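See structure below.
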Amino acid sequence: MTYFKFSDAKSLSKHMHHDSSGKKFGEKVITVTGLDQLESNEAEYVLFGIPTLLNSSEEFELGHFDMFQTVLKSLLNIQHNEFNRGENLIVLGELDSEVISEELNKLKTNPPAFLGRAGSEKINLLHSILEKTIYKIVQAICASGKIPIAIGGQHSNTFDLIKGVSLIKKSTVSLLDISTRVNVMFENNTDHLKQNKAYFDTVYINKHHTFGIHKNYVSQENLDVMNSSKNLGFYLYEDCLHLTTLDKCIRFKNAVDFLNRELGFKLDLKSIQGLSSCCDSSSGFSVRDIRTFLKVIRKEQAQFFHICGFEANQKESIGYVLSYFISDFIRNDD
């Protein structure tokens, strides 16, 4: 695949520290050299990385702060035991940010890439590359009967996962989104929205629920639409302030039930207090809350797990936290 680099056992071993007793999780995870090998493996989950977009006045590129590799440094070093079975996870690899950036920068631009015609061409090319590559990967994963776990990218990349799952399963997909904001537009009125896939597309999406949106970041227009639709649901973070983690979990389970218990799951890290420099992250769910929600999710029919909302200055702490989130999601100890 032109824009994807597969992980291999040798590269993964560089992340593992053999300075303690026990067997490392990374010693047991599976790697493959092609998508055609997925079906022959018994692992239930497939992990891959999506790069994050950066932009400057001099160049247009994808993030090179190696979030996927940072996550692996933590995840591969947890203990392999009866709770964490490494052989149940295929570490597929990541979209190649260097190759994609080279392709984008063949289109010269001055001033910054987000401005002017050249910037629009690069944005279009980027969306096209990411969409086609993610779509191909997700289709292969789902066709092999496995569940994709995607790390990184933008909110719009969740749609690429939805499309891949939907076309393989030949049915629409419901989405549960933990976020401080509503990340889809509910009406497709312009070509711009259609192009960027930031809208509620009933061709691929059945129901949508945003859990934990902040009153400070939701428009009245969105509230009006969500309140009037049977297929759109939401729960305000401010309604959780007085609740215990258990009570929050009950509200979260209600959101799952609203989606008929079969859904794609997206987690925006900006919804977790302390994991972002954004002002809306000064208030948010705790890591304990999210881990409790994941215990609910893994009992349901989760069709994918997308984690986004990364920041470079938070990468070390995020890598550690995500090792918990991913292991919680794939664990089967109930």
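Every chain in the structure tokens has a letter given in the order shown (A, B, ...), and although residue numbers restart at 1 in each chain, ligands are simply numbered from 1 in the order shown.
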Write out as a tab-separated table the residues of segment 86-189 of chain A that have any atom within 12 Å of an atom of segment 221-245 of chain A, one row each with the nearest atom pair and its distance in Å to one decimal, counting only C-alpha atoms, sorted by chain and then rising number.
residue	atom	partner	partner_atom	distance
A:Val173	CA	A:Asn231	CA	11.8
A:Ser174	CA	A:Asn231	CA	9.2
A:Leu175	CA	A:Leu232	CA	9.9
A:Leu176	CA	A:Gly233	CA	9.3
A:Asp177	CA	A:Phe234	CA	9.2
A:Ile178	CA	A:Tyr235	CA	9.6
A:Ser179	CA	A:Tyr237	CA	9.3
A:Thr180	CA	A:Tyr237	CA	7.8
A:Arg181	CA	A:Leu236	CA	9.9
A:Val182	CA	A:Asn222	CA	7.8
A:Asn183	CA	A:Asn222	CA	10.4
A:Val184	CA	A:Asn222	CA	9.5
A:Met185	CA	A:Asn222	CA	8.2
A:Phe186	CA	A:Val225	CA	7.5
A:Glu187	CA	A:Val225	CA	9.5
Could those selected residues go to a file with N, CA and C atoms, as a PDB file, in the first residue's frame?
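Writing the result to out_34.pdb gives the following:
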ATOM      1  N   VAL A 173     -24.575   2.544  10.169  1.00  0.00           N
ATOM      2  CA  VAL A 173     -23.851   2.407  11.430  1.00  0.00           C
ATOM      3  C   VAL A 173     -24.286   3.517  12.379  1.00  0.00           C
ATOM      4  N   SER A 174     -24.512   3.194  13.634  1.00  0.00           N
ATOM      5  CA  SER A 174     -24.798   4.204  14.645  1.00  0.00           C
ATOM      6  C   SER A 174     -23.494   4.610  15.327  1.00  0.00           C
ATOM      7  N   LEU A 175     -23.418   5.874  15.750  1.00  0.00           N
ATOM      8  CA  LEU A 175     -22.177   6.399  16.325  1.00  0.00           C
ATOM      9  C   LEU A 175     -22.415   6.981  17.707  1.00  0.00           C
ATOM     10  N   LEU A 176     -21.595   6.551  18.656  1.00  0.00           N
ATOM     11  CA  LEU A 176     -21.564   7.143  19.989  1.00  0.00           C
ATOM     12  C   LEU A 176     -20.267   7.936  20.113  1.00  0.00           C
ATOM     13  N   ASP A 177     -20.393   9.244  20.325  1.00  0.00           N
ATOM     14  CA  ASP A 177     -19.254  10.158  20.303  1.00  0.00           C
ATOM     15  C   ASP A 177     -19.123  10.827  21.668  1.00  0.00           C
ATOM     16  N   ILE A 178     -18.025  10.537  22.386  1.00  0.00           N
ATOM     17  CA  ILE A 178     -17.743  11.259  23.622  1.00  0.00           C
ATOM     18  C   ILE A 178     -16.924  12.486  23.246  1.00  0.00           C
ATOM     19  N   SER A 179     -17.518  13.648  23.381  1.00  0.00           N
ATOM     20  CA  SER A 179     -16.855  14.876  22.953  1.00  0.00           C
ATOM     21  C   SER A 179     -17.450  16.082  23.661  1.00  0.00           C
ATOM     22  N   THR A 180     -16.673  17.161  23.734  1.00  0.00           N
ATOM     23  CA  THR A 180     -17.165  18.404  24.320  1.00  0.00           C
ATOM     24  C   THR A 180     -18.055  19.162  23.352  1.00  0.00           C
ATOM     25  N   ARG A 181     -17.986  18.820  22.059  1.00  0.00           N
ATOM     26  CA  ARG A 181     -18.694  19.550  21.018  1.00  0.00           C
ATOM     27  C   ARG A 181     -19.435  18.583  20.104  1.00  0.00           C
ATOM     28  N   VAL A 182     -20.378  19.090  19.347  1.00  0.00           N
ATOM     29  CA  VAL A 182     -21.024  18.314  18.296  1.00  0.00           C
ATOM     30  C   VAL A 182     -20.124  18.385  17.067  1.00  0.00           C
ATOM     31  N   ASN A 183     -19.677  17.246  16.581  1.00  0.00           N
ATOM     32  CA  ASN A 183     -18.667  17.221  15.527  1.00  0.00           C
ATOM     33  C   ASN A 183     -19.215  16.887  14.150  1.00  0.00           C
ATOM     34  N   VAL A 184     -20.529  16.924  13.991  1.00  0.00           N
ATOM     35  CA  VAL A 184     -21.127  16.737  12.673  1.00  0.00           C
ATOM     36  C   VAL A 184     -22.111  17.864  12.417  1.00  0.00           C
ATOM     37  N   MET A 185     -22.294  18.191  11.141  1.00  0.00           N
ATOM     38  CA  MET A 185     -23.351  19.116  10.750  1.00  0.00           C
ATOM     39  C   MET A 185     -24.573  18.274  10.413  1.00  0.00           C
ATOM     40  N   PHE A 186     -25.736  18.758  10.766  1.00  0.00           N
ATOM     41  CA  PHE A 186     -26.935  17.958  10.605  1.00  0.00           C
ATOM     42  C   PHE A 186     -27.680  18.214   9.303  1.00  0.00           C
ATOM     43  N   GLU A 187     -27.172  19.130   8.513  1.00  0.00           N
ATOM     44  CA  GLU A 187     -27.767  19.348   7.203  1.00  0.00           C
ATOM     45  C   GLU A 187     -26.655  19.519   6.188  1.00  0.00           C
TER      46      GLU A 187
END
Expected answer as number ranges by chain: strand (DSSP E or B) residues in segment 69-318 of chain A:
A: 79, 89-95, 147-152, 173-178, 185, 199, 205-213, 232-236, 262-268, 272, 285, 301-308
May I have the selected residues written with N, CA and C atoms, as a short mmCIF file (atom, residue, chain, number, x, y, z; two decimals), in the first residue's frame?
data_model
loop_
_atom_site.label_atom_id
_atom_site.label_comp_id
_atom_site.auth_asym_id
_atom_site.auth_seq_id
_atom_site.Cartn_x
_atom_site.Cartn_y
_atom_site.Cartn_z
N GLN A 79 1.76 -5.97 31.03
CA GLN A 79 1.98 -7.40 31.24
C GLN A 79 1.04 -8.25 30.39
N LEU A 89 -4.67 -9.19 19.57
CA LEU A 89 -4.51 -7.89 18.91
C LEU A 89 -3.49 -7.96 17.78
N ILE A 90 -3.90 -7.50 16.60
CA ILE A 90 -2.98 -7.33 15.49
C ILE A 90 -2.55 -5.86 15.46
N VAL A 91 -1.25 -5.60 15.59
CA VAL A 91 -0.73 -4.24 15.43
C VAL A 91 -0.40 -4.08 13.95
N LEU A 92 -1.31 -3.44 13.23
CA LEU A 92 -1.21 -3.40 11.77
C LEU A 92 -0.14 -2.43 11.29
N GLY A 93 -0.10 -1.22 11.84
CA GLY A 93 0.84 -0.20 11.39
C GLY A 93 0.17 1.15 11.34
N GLU A 94 0.69 2.05 10.52
CA GLU A 94 0.15 3.41 10.47
C GLU A 94 0.27 4.00 9.07
N LEU A 95 -0.60 4.95 8.79
CA LEU A 95 -0.49 5.69 7.54
C LEU A 95 0.84 6.43 7.55
N ILE A 147 -12.37 -6.20 14.53
CA ILE A 147 -12.82 -4.87 14.92
C ILE A 147 -11.65 -3.90 14.85
N PRO A 148 -11.77 -2.81 14.08
CA PRO A 148 -10.68 -1.84 13.98
C PRO A 148 -10.60 -0.90 15.18
N ILE A 149 -9.37 -0.61 15.59
CA ILE A 149 -9.09 0.42 16.59
C ILE A 149 -8.16 1.42 15.93
N ALA A 150 -8.64 2.65 15.73
CA ALA A 150 -7.86 3.67 15.04
C ALA A 150 -7.41 4.73 16.02
N ILE A 151 -6.13 5.10 15.95
CA ILE A 151 -5.55 6.12 16.83
C ILE A 151 -5.12 7.30 15.99
N GLY A 152 -5.66 8.50 16.30
CA GLY A 152 -5.20 9.70 15.63
C GLY A 152 -6.18 10.24 14.61
N VAL A 173 -24.57 2.54 10.17
CA VAL A 173 -23.85 2.41 11.43
C VAL A 173 -24.29 3.52 12.38
N SER A 174 -24.51 3.19 13.63
CA SER A 174 -24.80 4.20 14.65
C SER A 174 -23.49 4.61 15.33
N LEU A 175 -23.42 5.87 15.75
CA LEU A 175 -22.18 6.40 16.32
C LEU A 175 -22.41 6.98 17.71
N LEU A 176 -21.60 6.55 18.66
CA LEU A 176 -21.56 7.14 19.99
C LEU A 176 -20.27 7.94 20.11
N ASP A 177 -20.39 9.24 20.32
CA ASP A 177 -19.25 10.16 20.30
C ASP A 177 -19.12 10.83 21.67
N ILE A 178 -18.02 10.54 22.39
CA ILE A 178 -17.74 11.26 23.62
C ILE A 178 -16.92 12.49 23.25
N MET A 185 -22.29 18.19 11.14
CA MET A 185 -23.35 19.12 10.75
C MET A 185 -24.57 18.27 10.41
N TYR A 199 -20.94 16.05 8.13
CA TYR A 199 -22.37 16.22 8.20
C TYR A 199 -23.03 14.87 8.51
N ILE A 205 -24.98 6.60 8.22
CA ILE A 205 -25.21 6.73 9.66
C ILE A 205 -26.69 6.54 9.97
N ASN A 206 -26.97 5.68 10.94
CA ASN A 206 -28.34 5.45 11.38
C ASN A 206 -28.70 6.44 12.49
N LYS A 207 -28.11 6.25 13.66
CA LYS A 207 -28.33 7.15 14.78
C LYS A 207 -26.99 7.71 15.26
N HIS A 208 -27.08 8.88 15.91
CA HIS A 208 -25.88 9.55 16.40
C HIS A 208 -26.16 10.10 17.79
N HIS A 209 -25.23 9.83 18.73
CA HIS A 209 -25.39 10.35 20.09
C HIS A 209 -24.06 10.96 20.53
N THR A 210 -24.12 12.24 20.94
CA THR A 210 -22.94 12.90 21.50
C THR A 210 -23.08 12.94 23.01
N PHE A 211 -22.14 12.31 23.70
CA PHE A 211 -22.22 12.19 25.15
C PHE A 211 -21.20 13.12 25.81
N GLY A 212 -21.69 14.00 26.68
CA GLY A 212 -20.80 14.87 27.44
C GLY A 212 -20.50 16.21 26.80
N ILE A 213 -21.35 16.67 25.86
CA ILE A 213 -21.11 17.99 25.26
C ILE A 213 -21.27 19.08 26.31
N LEU A 232 -31.18 11.48 16.67
CA LEU A 232 -30.07 12.23 17.25
C LEU A 232 -30.27 12.35 18.75
N GLY A 233 -29.23 12.03 19.50
CA GLY A 233 -29.32 12.13 20.95
C GLY A 233 -28.10 12.85 21.51
N PHE A 234 -28.21 13.35 22.73
CA PHE A 234 -27.08 14.00 23.38
C PHE A 234 -27.29 13.99 24.89
N TYR A 235 -26.17 14.13 25.58
CA TYR A 235 -26.23 14.27 27.04
C TYR A 235 -25.20 15.32 27.43
N LEU A 236 -25.62 16.29 28.21
CA LEU A 236 -24.76 17.41 28.57
C LEU A 236 -23.80 17.04 29.70
N GLU A 262 -25.62 -1.47 19.14
CA GLU A 262 -24.70 -1.83 18.06
C GLU A 262 -24.19 -0.52 17.46
N LEU A 263 -22.89 -0.26 17.60
CA LEU A 263 -22.43 1.10 17.33
C LEU A 263 -20.92 1.17 17.09
N GLY A 264 -20.53 2.28 16.45
CA GLY A 264 -19.15 2.68 16.42
C GLY A 264 -18.91 3.62 17.58
N PHE A 265 -17.71 3.60 18.13
CA PHE A 265 -17.41 4.39 19.33
C PHE A 265 -16.23 5.32 19.07
N LYS A 266 -16.46 6.62 19.26
CA LYS A 266 -15.41 7.62 19.07
C LYS A 266 -15.14 8.34 20.38
N LEU A 267 -13.87 8.49 20.72
CA LEU A 267 -13.46 9.18 21.94
C LEU A 267 -12.55 10.35 21.58
N ASP A 268 -13.01 11.56 21.87
CA ASP A 268 -12.22 12.77 21.70
C ASP A 268 -11.48 13.03 23.01
N ILE A 272 -11.59 14.75 28.09
CA ILE A 272 -11.03 14.25 29.34
C ILE A 272 -10.25 15.38 30.01
N PHE A 285 -14.52 14.75 31.72
CA PHE A 285 -14.55 13.44 32.37
C PHE A 285 -13.17 13.09 32.91
N GLN A 301 -22.01 -4.49 21.06
CA GLN A 301 -21.53 -4.86 19.73
C GLN A 301 -20.82 -3.66 19.11
N ALA A 302 -19.63 -3.37 19.64
CA ALA A 302 -18.84 -2.25 19.12
C ALA A 302 -18.24 -2.62 17.76
N GLN A 303 -18.45 -1.76 16.78
CA GLN A 303 -18.00 -2.05 15.42
C GLN A 303 -16.67 -1.41 15.10
N PHE A 304 -16.28 -0.38 15.86
CA PHE A 304 -14.94 0.18 15.77
C PHE A 304 -14.72 1.09 16.97
N PHE A 305 -13.46 1.46 17.20
CA PHE A 305 -13.07 2.38 18.27
C PHE A 305 -12.11 3.38 17.67
N HIS A 306 -12.50 4.65 17.63
CA HIS A 306 -11.63 5.71 17.11
C HIS A 306 -11.28 6.68 18.22
N ILE A 307 -9.98 6.88 18.44
CA ILE A 307 -9.49 7.80 19.46
C ILE A 307 -8.77 8.94 18.77
N CYS A 308 -9.23 10.18 18.99
CA CYS A 308 -8.59 11.33 18.36
C CYS A 308 -8.54 12.48 19.36
#
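Using only C-alpha atoms, the shortest contact distance between Lys146 of chain A and any of A:Leu322, A:Ile168, A:Leu104, A:Met67 is found at A:Ile168.
Checking A:His80, A:Arg288, A:Lys136, A:His127 one by one against Thr2 of chain A, counting only C-alpha atoms, you find the shortest gap at A:Lys136.
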In Å, how far is it from atom CA of Lys169 of chain A to atom CA of Asp96 of chain A?
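That distance, rounded to one decimal, is 27.5 Å.
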I need the helix (DSSP H, G or I) residues of segment 91-320 of chain A per DSSP on the backbone, written as a PyMOL selection string.
chain A and resi 97-104+116-143+156-169+191-196+215-217+220-228+237-240+245-258+269-271+279-282+287-297+312-320
